[in-house]
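Working notes, structure below.
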Amino acid sequence: MDESRIKIAETCRDGAENNTMTFPQIVETLMANGFEGYAIDFRRGLATYYSLDGHGLDLPTQQVELPISPSFDGSLVQEAIREAQHLVSGYTYKGFCKKVTAAGCAGYIVSFSGRRALYFGRTAETHVELFPK
């Protein structure tokens with residue numbers, strides 16, 4: 001992956017972690033620069049960005065301090081997503097990560113062409129969230 005795309009992916013990762021970019025801003029930026037999606041792996045502390053040309057880029061992420069719950073609760077994951085979508089008072093990406101991992105989310109995959117994010121647990125249970133219209 002070329003250096004400019006690496007910088008864009010780093011900017012988006014940092015923007016999420018520092019609360020300087022919203023999810024829609026991140027999606028728009030990545031799509032405009034030839035990415036088709038990304039994945040977050042809470043167990044490994046890793047973000048993987050996928051380009052349209054078939055390449056992937058792994059970047060380390062902030063580690064979640066809580067252990068990932070062994071059971072997946074999709075309703076709690078959805079509740080955390082709604083808080084993020086509405087940018088409720090006090091919202092932070094780090095707080096979002098704590099909530100979803102406490103709800104058993106081991107990671108998530110974002111598909112720009114599919115206009116959805118798939119959240120998954122340690123037992124491969126899932127919650128699919130379609131992008132708002």
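Going by the structure tokens order, chains are called A, B, ..., each with residues numbered from 1, while ligands are numbered from 1 in the order shown.
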| Please, which residues of stretch 19-125 of chain A, numbered as in this document, come out alpha helix (DSSP H) from DSSP, as an MDAnalysis selection string? | chainID A and resid 23:32 74:85 93:102
With the cut-off set at 12 Å and counting only C-alpha atoms, tabulate each residue of stretch 68-96 of chain A with an atom at most that distance from an atom of stretch 25-44 of chain A, showing the nearest atom pair and its distance in Å to one decimal, ordered by chain and increasing number, as JSON lines.
```
{"residue": "A:Ile68", "atom": "CA", "partner": "A:Arg43", "partner_atom": "CA", "distance": 7.7}
{"residue": "A:Ser69", "atom": "CA", "partner": "A:Arg43", "partner_atom": "CA", "distance": 11.1}
{"residue": "A:Pro70", "atom": "CA", "partner": "A:Arg43", "partner_atom": "CA", "distance": 11.9}
{"residue": "A:Lys94", "atom": "CA", "partner": "A:Phe42", "partner_atom": "CA", "distance": 11.5}
{"residue": "A:Phe96", "atom": "CA", "partner": "A:Phe42", "partner_atom": "CA", "distance": 12.0}
```
| task | DSSP on the backbone, then: every residue of chain A marked strand (DSSP E or B), written as a ChimeraX atom specification. | result | /A:35-41,46-51,56-60,105-111,116-121,126-130
| query | Neighbours of A:Ala9 within 10 Å (only C-alpha atoms; same-chain residues fewer than 3 positions away dropped), as a PyMOL selection string? | reply | chain A and resi 3-6+12-15+26+29-30+33+35+38+47-50+57-59
Please produce an output containing N, CA and C atoms for each residue in the selection, written as a compact mmCIF listing (two decimals), in the first residue's frame.
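Resulting contents of part.txt:
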```
# COMPACT_ATOMS: atom_id res chain seq x y z
N GLU A 3 2.29 5.10 0.49
CA GLU A 3 2.46 5.92 1.70
C GLU A 3 1.26 6.85 1.94
N SER A 4 0.66 7.39 0.88
CA SER A 4 -0.46 8.31 1.07
C SER A 4 -1.67 7.59 1.67
N ARG A 5 -1.92 6.37 1.22
CA ARG A 5 -3.04 5.61 1.79
C ARG A 5 -2.75 5.20 3.23
N ILE A 6 -1.51 4.87 3.50
CA ILE A 6 -1.15 4.54 4.89
C ILE A 6 -1.44 5.72 5.80
N CYS A 12 -7.48 8.30 9.98
CA CYS A 12 -8.81 7.83 10.36
C CYS A 12 -8.79 7.06 11.67
N ARG A 13 -7.81 6.20 11.85
CA ARG A 13 -7.70 5.48 13.12
C ARG A 13 -7.52 6.46 14.27
N ASP A 14 -6.60 7.42 14.09
CA ASP A 14 -6.34 8.41 15.13
C ASP A 14 -7.56 9.29 15.37
N GLY A 15 -8.27 9.62 14.29
CA GLY A 15 -9.47 10.45 14.41
C GLY A 15 -10.53 9.78 15.24
N ILE A 26 -15.12 9.26 8.78
CA ILE A 26 -14.12 8.23 8.53
C ILE A 26 -14.48 7.43 7.28
N THR A 29 -13.96 9.58 4.15
CA THR A 29 -12.54 9.77 3.86
C THR A 29 -11.92 8.51 3.26
N LEU A 30 -12.20 7.39 3.87
CA LEU A 30 -11.63 6.14 3.36
C LEU A 30 -12.17 5.80 1.97
N ASN A 33 -10.66 7.64 -0.88
CA ASN A 33 -9.25 7.35 -1.11
C ASN A 33 -8.98 5.89 -1.45
N PHE A 35 -10.49 2.90 -0.43
CA PHE A 35 -10.67 1.80 0.52
C PHE A 35 -12.07 1.23 0.35
N TYR A 38 -13.00 -1.81 6.46
CA TYR A 38 -11.98 -2.06 7.47
C TYR A 38 -12.54 -2.99 8.54
N ALA A 47 -6.38 -2.80 13.75
CA ALA A 47 -7.30 -2.35 12.71
C ALA A 47 -6.71 -2.76 11.38
N THR A 48 -7.53 -3.33 10.51
CA THR A 48 -7.09 -3.72 9.17
C THR A 48 -7.91 -2.93 8.17
N TYR A 49 -7.22 -2.21 7.30
CA TYR A 49 -7.87 -1.39 6.27
C TYR A 49 -7.68 -2.09 4.93
N TYR A 50 -8.78 -2.24 4.19
CA TYR A 50 -8.76 -2.95 2.91
C TYR A 50 -8.95 -1.98 1.76
N LEU A 57 -3.87 -3.30 5.12
CA LEU A 57 -2.92 -2.62 5.98
C LEU A 57 -3.34 -2.84 7.42
N ASP A 58 -2.45 -3.36 8.24
CA ASP A 58 -2.71 -3.56 9.66
C ASP A 58 -2.08 -2.42 10.46
N LEU A 59 -2.87 -1.83 11.35
CA LEU A 59 -2.39 -0.78 12.25
C LEU A 59 -2.79 -1.13 13.68
```
| Contacts of stretch 116-132 of chain A at 10 Å or less, counting only C-alpha atoms, minus same-chain residues fewer than 2 places along, as a PyMOL selection string? | chain A and resi 24+37-41+43+68-75+77-78+81+85+100-101+103-114
